[in-house]
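Q: Below is a structure I'd like to ask you about.
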Amino acid sequence: MAIIPRRITGFQAIGLGAAESNDIVIVENKYVFDKSIAILQDFKGVKVIKLDPKADVSKVLVETIKSESSGKRLAILVSQSKISTLLPMFKNMFGPNGAGSNVSISLIVAIESFEIDALDLSDVYAFSNMGIPILSSSFPQECFDHTRAASIAAASLKVPVINYFDSDNLNPCTYRWVNATEPAECMKERYESYRDDALESKGLLSLSKEDEMELIMKAAYRKDLVSYWGSPKAEVVIVSISDYDIGWSLDNTFSGYLKIHVYRPFPIEKIISVLPKTVKRIILLDQVSDLAEIHGNLYNDFSEMLQGVALGSDKVIDAKVIEVQSSYSYAMVLPHPPYLFALLEEISKPDCPSLVRLDKLLEFPLKESIDY
């Protein structure tokens with residue numbers, strides 16, 4: 001067993017979480033995972049497969065699945081540039097006519113801008129169209145907890161589960177206190193206990209995927225599928241899947257911040273329950289960079305949600321949905337009040353369009369033009 005330091009980085013937390021909750025870990029041998037690999041290699045009993053950055057991860061996955069016995073837990077740690085080949089494979093395995101897999105699969109994805117032009121979640125969102133649950137980690141404790149939660153969820157739901165993180169946000173030199181003393185088995189047992197209680201109280205034989213994910217997040221010390229901070233009478237609510245550390249900047253304003261902890265299944269009822277009745281503008285921070293004039297998944301989800309509310313709910317939400325896209329990491333830009341308030345000023349204009357490019361609004365240079 002490896003000696004766990006009291007302070008670790010998010011990258012170390014991902015390696016630690018993967019080692020504690022999996023039998024096999026395929027990890028891309030790339031700078032972004034250096035600290036994760038170092039932690040993984042200290043653990044006994046975990047099979048670590050280093051993936052050449054030029055190799056096809058889907059081929060390595062197929063070979064690994066064929067060679068392993070049924071019931072094993074497998075985690076894949078790769079950058080977002082590697083996951084596109086996994087999508088058709090997962091569709092064949094876990095689609096309506098798929099046979100599934102003899103091993104459970106959790107996919108830990110690094111969204112990065114190193115050696116590429118921009119941060120972009122488009123490849124991750126493609127998996128959400130299959131109904132694959134998606135978590136996001138924003139700081140070391142979440143990296144540790146969510147990596148383990150993804151493994152537990154994948155084994156229970158019999159489908160892959162994704163946990164992604166913004167590598168620009170997780171500074172490799174920032175060490176934070178992380179409670180890593182509890183074995184992953186305790187989280188699993190806690191979830192199973194919650195599940196048994198829920199089945200008994202509801203008189204059911206099975207739970208919906210949303211209910212399952214809510215119990216798994218509860219077992220991972222996350223109280224709900226969504227969190228809301230800010231004014232109960234907010235007129236502007238900013239929404240994101242990752243935590244961009246902007247809640248404190250909204251103090252003493254008529255604004256709120258809603259973080260979605262689990263994306264797919266889309267937690268419609270939870271979101272509706274926390275949105276203030278006073279909201280007039282819903283601002284979606286969507287980390288995509290190449291969808292000029294095209295709305296992304298999150299915008300479509302919220303538009304459909306509000307249409308559904310208008311048709312079948314007692315709670316009226318008369319709000320305009322505005323999607324904000326950016327090539328730059330929101331976590332690096334919006335915690336700075338001048339940038340955040342410039343965005344709030346823009347979206348408060350009566351004629352503000354439904355799609356705003358943060359890079360252009362702040363007059364940032366194109367990322368591909370920057371010489372690092």
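Order determines the names: the first chain of the structure tokens is A, the second B, and so forth; residues in each chain are numbered 1 upward, and ligands are numbered 1 upward as they are shown.
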Near Ile294 of chain A, within 12 Å and counting only C-alpha atoms, which residues show up once chain neighbours fewer than 3 positions away are dropped, as a list in words?
A: Asp286, Val288, Ser289, Asp290, Leu291, Asn297, Leu298, Tyr299, Asn300, Glu323, Val324, Gln325, Ser354, Leu355, Val356 and Arg357 of chain A
Q: Based on the backbone DSSP call, show me all residues of segment 185-367 of chain A assigned alpha helix (DSSP H), as number ranges by chain.
A: A: 185-202, 209-219, 268-274, 297-312, 330-333, 337-347, 358-361
Q: I'd like a table as JSON lines: residues in segment 148-258 of chain A with an atom no more than 7 Å from segment 94-112 of chain A, each row giving the shortest atom pair and its distance in Å to one decimal, only C-alpha atoms counted, sorted by chain and rising residue number.
A:
```
{"residue": "A:Ala150", "atom": "CA", "partner": "A:Ser106", "partner_atom": "CA", "distance": 5.8}
{"residue": "A:Ser151", "atom": "CA", "partner": "A:Ser106", "partner_atom": "CA", "distance": 5.4}
{"residue": "A:Ala154", "atom": "CA", "partner": "A:Ser104", "partner_atom": "CA", "distance": 5.5}
{"residue": "A:Ala155", "atom": "CA", "partner": "A:Ser104", "partner_atom": "CA", "distance": 5.0}
{"residue": "A:Lys158", "atom": "CA", "partner": "A:Ser104", "partner_atom": "CA", "distance": 6.5}
{"residue": "A:Val159", "atom": "CA", "partner": "A:Phe94", "partner_atom": "CA", "distance": 6.6}
{"residue": "A:Pro160", "atom": "CA", "partner": "A:Ile105", "partner_atom": "CA", "distance": 4.9}
{"residue": "A:Val161", "atom": "CA", "partner": "A:Ser106", "partner_atom": "CA", "distance": 4.9}
{"residue": "A:Ile162", "atom": "CA", "partner": "A:Leu107", "partner_atom": "CA", "distance": 4.7}
{"residue": "A:Asn163", "atom": "CA", "partner": "A:Ile108", "partner_atom": "CA", "distance": 4.9}
{"residue": "A:Tyr164", "atom": "CA", "partner": "A:Val109", "partner_atom": "CA", "distance": 4.5}
{"residue": "A:Phe165", "atom": "CA", "partner": "A:Ala110", "partner_atom": "CA", "distance": 5.3}
{"residue": "A:Asp166", "atom": "CA", "partner": "A:Ile111", "partner_atom": "CA", "distance": 4.9}
{"residue": "A:Ser167", "atom": "CA", "partner": "A:Glu112", "partner_atom": "CA", "distance": 5.2}
{"residue": "A:Asp168", "atom": "CA", "partner": "A:Glu112", "partner_atom": "CA", "distance": 6.3}
```
Q: For a quick check of understanding, using only C-alpha atoms, which of A:Phe144, A:Tyr221, A:Phe43, A:Trp229 has the smallest distance to Ile8 of chain A?
A: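 Of the candidates, the smallest distance to Ile8 of chain A is held by A:Phe144.
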Q: Using DSSP on the backbone, list every residue of segment 83-170 of chain A that comes out as strand (DSSP E), and give them as a tab-separated table (two decimals) with N, CA and C atoms, in the first residue's frame.
A:
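To be explicit, this is the file written out as states-v4.tsv:
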```tsv
chain	number	residue	atom	x	y	z
A	104	SER	N	-16.23	-3.61	-15.80
A	104	SER	CA	-16.82	-2.26	-15.70
A	104	SER	C	-15.78	-1.24	-16.13
A	105	ILE	N	-16.23	-0.16	-16.76
A	105	ILE	CA	-15.31	0.82	-17.35
A	105	ILE	C	-15.65	2.23	-16.86
A	106	SER	N	-14.69	2.87	-16.23
A	106	SER	CA	-14.81	4.30	-15.92
A	106	SER	C	-13.76	5.04	-16.74
A	107	LEU	N	-14.15	6.19	-17.27
A	107	LEU	CA	-13.30	6.95	-18.18
A	107	LEU	C	-12.98	8.30	-17.54
A	108	ILE	N	-11.70	8.52	-17.23
A	108	ILE	CA	-11.25	9.76	-16.60
A	108	ILE	C	-10.56	10.60	-17.67
A	109	VAL	N	-11.14	11.75	-17.99
A	109	VAL	CA	-10.70	12.52	-19.16
A	109	VAL	C	-10.11	13.86	-18.74
A	110	ALA	N	-8.93	14.15	-19.26
A	110	ALA	CA	-8.28	15.45	-19.03
A	110	ALA	C	-8.63	16.38	-20.20
A	111	ILE	N	-9.32	17.48	-19.91
A	111	ILE	CA	-9.58	18.51	-20.91
A	111	ILE	C	-8.41	19.47	-20.83
A	134	ILE	N	-22.02	11.58	-16.66
A	134	ILE	CA	-20.80	12.39	-16.71
A	134	ILE	C	-20.67	13.18	-15.42
A	135	LEU	N	-19.52	13.05	-14.77
A	135	LEU	CA	-19.18	13.84	-13.59
A	135	LEU	C	-18.06	14.80	-13.98
A	136	SER	N	-17.86	15.82	-13.17
A	136	SER	CA	-16.76	16.76	-13.40
A	136	SER	C	-16.07	17.07	-12.08
A	137	SER	N	-14.74	17.10	-12.12
A	137	SER	CA	-13.95	17.38	-10.91
A	137	SER	C	-13.22	18.70	-11.07
A	161	VAL	N	-18.88	5.23	-17.17
A	161	VAL	CA	-19.16	6.50	-16.49
A	161	VAL	C	-17.93	7.39	-16.67
A	162	ILE	N	-18.16	8.65	-17.01
A	162	ILE	CA	-17.07	9.58	-17.29
A	162	ILE	C	-16.89	10.56	-16.14
A	163	ASN	N	-15.64	10.80	-15.78
A	163	ASN	CA	-15.28	11.88	-14.86
A	163	ASN	C	-14.23	12.72	-15.58
A	164	TYR	N	-14.55	13.97	-15.90
A	164	TYR	CA	-13.57	14.80	-16.61
A	164	TYR	C	-13.11	15.96	-15.73
A	165	PHE	N	-11.95	16.50	-16.07
A	165	PHE	CA	-11.43	17.64	-15.31
A	165	PHE	C	-10.71	18.59	-16.26
A	166	ASP	N	-10.73	19.86	-15.89
A	166	ASP	CA	-10.06	20.93	-16.63
A	166	ASP	C	-8.61	20.97	-16.15
```
Q: Can you list, as a list in words, every protein, DNA or RNA residue that comes within 9 Å of segment 187-201 of chain A when you count only C-alpha atoms, leaving out same-chain residues fewer than 5 positions away?
A: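 The residues satisfying every condition are Arg148, Ala149, Ile152, Glu182, Ser206, Leu207, Asp211, Glu212, Leu215, Ile216, Met217, Lys218, Ala219 and Ala220 of chain A.
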Q: Just to confirm, what's the straight-line distance from atom CA of Met93 of chain A to atom CA of Thr64 of chain A in Å (one decimal)?
A: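 Atom-to-atom, atom CA of Met93 of chain A and atom CA of Thr64 of chain A are spaced 14.7 Å apart.
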Q: Nearest to Pro276 of chain A: which of A:Asp301, A:Asp243, A:Asp359, A:Glu235 is it, counting only C-alpha atoms?
A: A:Glu235
Q: Between A:Arg264, A:Lys277, A:Lys82, A:Lys270, which is the closest to Val57 of chain A once you count only C-alpha atoms?
A: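 Distance minimum relative to Val57 of chain A lands on A:Lys82.
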Q: Using only C-alpha atoms, can you tell me which of A:Gln287, A:Ser156, A:Asp224, A:Ser70 comes closest to Tyr244 of chain A?
A: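 Comparing A:Gln287, A:Ser156, A:Asp224, A:Ser70 against Tyr244 of chain A, the winner is A:Gln287.
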Q: Could you tell me which of A:Cys143, A:Leu157, A:Val239, A:Val25 comes closest to Ala180 of chain A if we count only C-alpha atoms?
A: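 Ranked by minimum distance to Ala180 of chain A, first place goes to A:Cys143.
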Q: Quick one: everything within 7 Å of Lys280 of chain A, counting only C-alpha atoms, minus sequence neighbours fewer than 2 positions away in the same chain. Send it as a PyMOL selection string.
A: chain A and resi 235-236+278+282+318-320
Q: List as a count of residues only the protein and nucleic acid residues near Pro350 of chain A, meaning an atom at most 12 Å away when only C-alpha atoms are counted, but skip any in the same chain fewer than 2 places from it.
A: 11
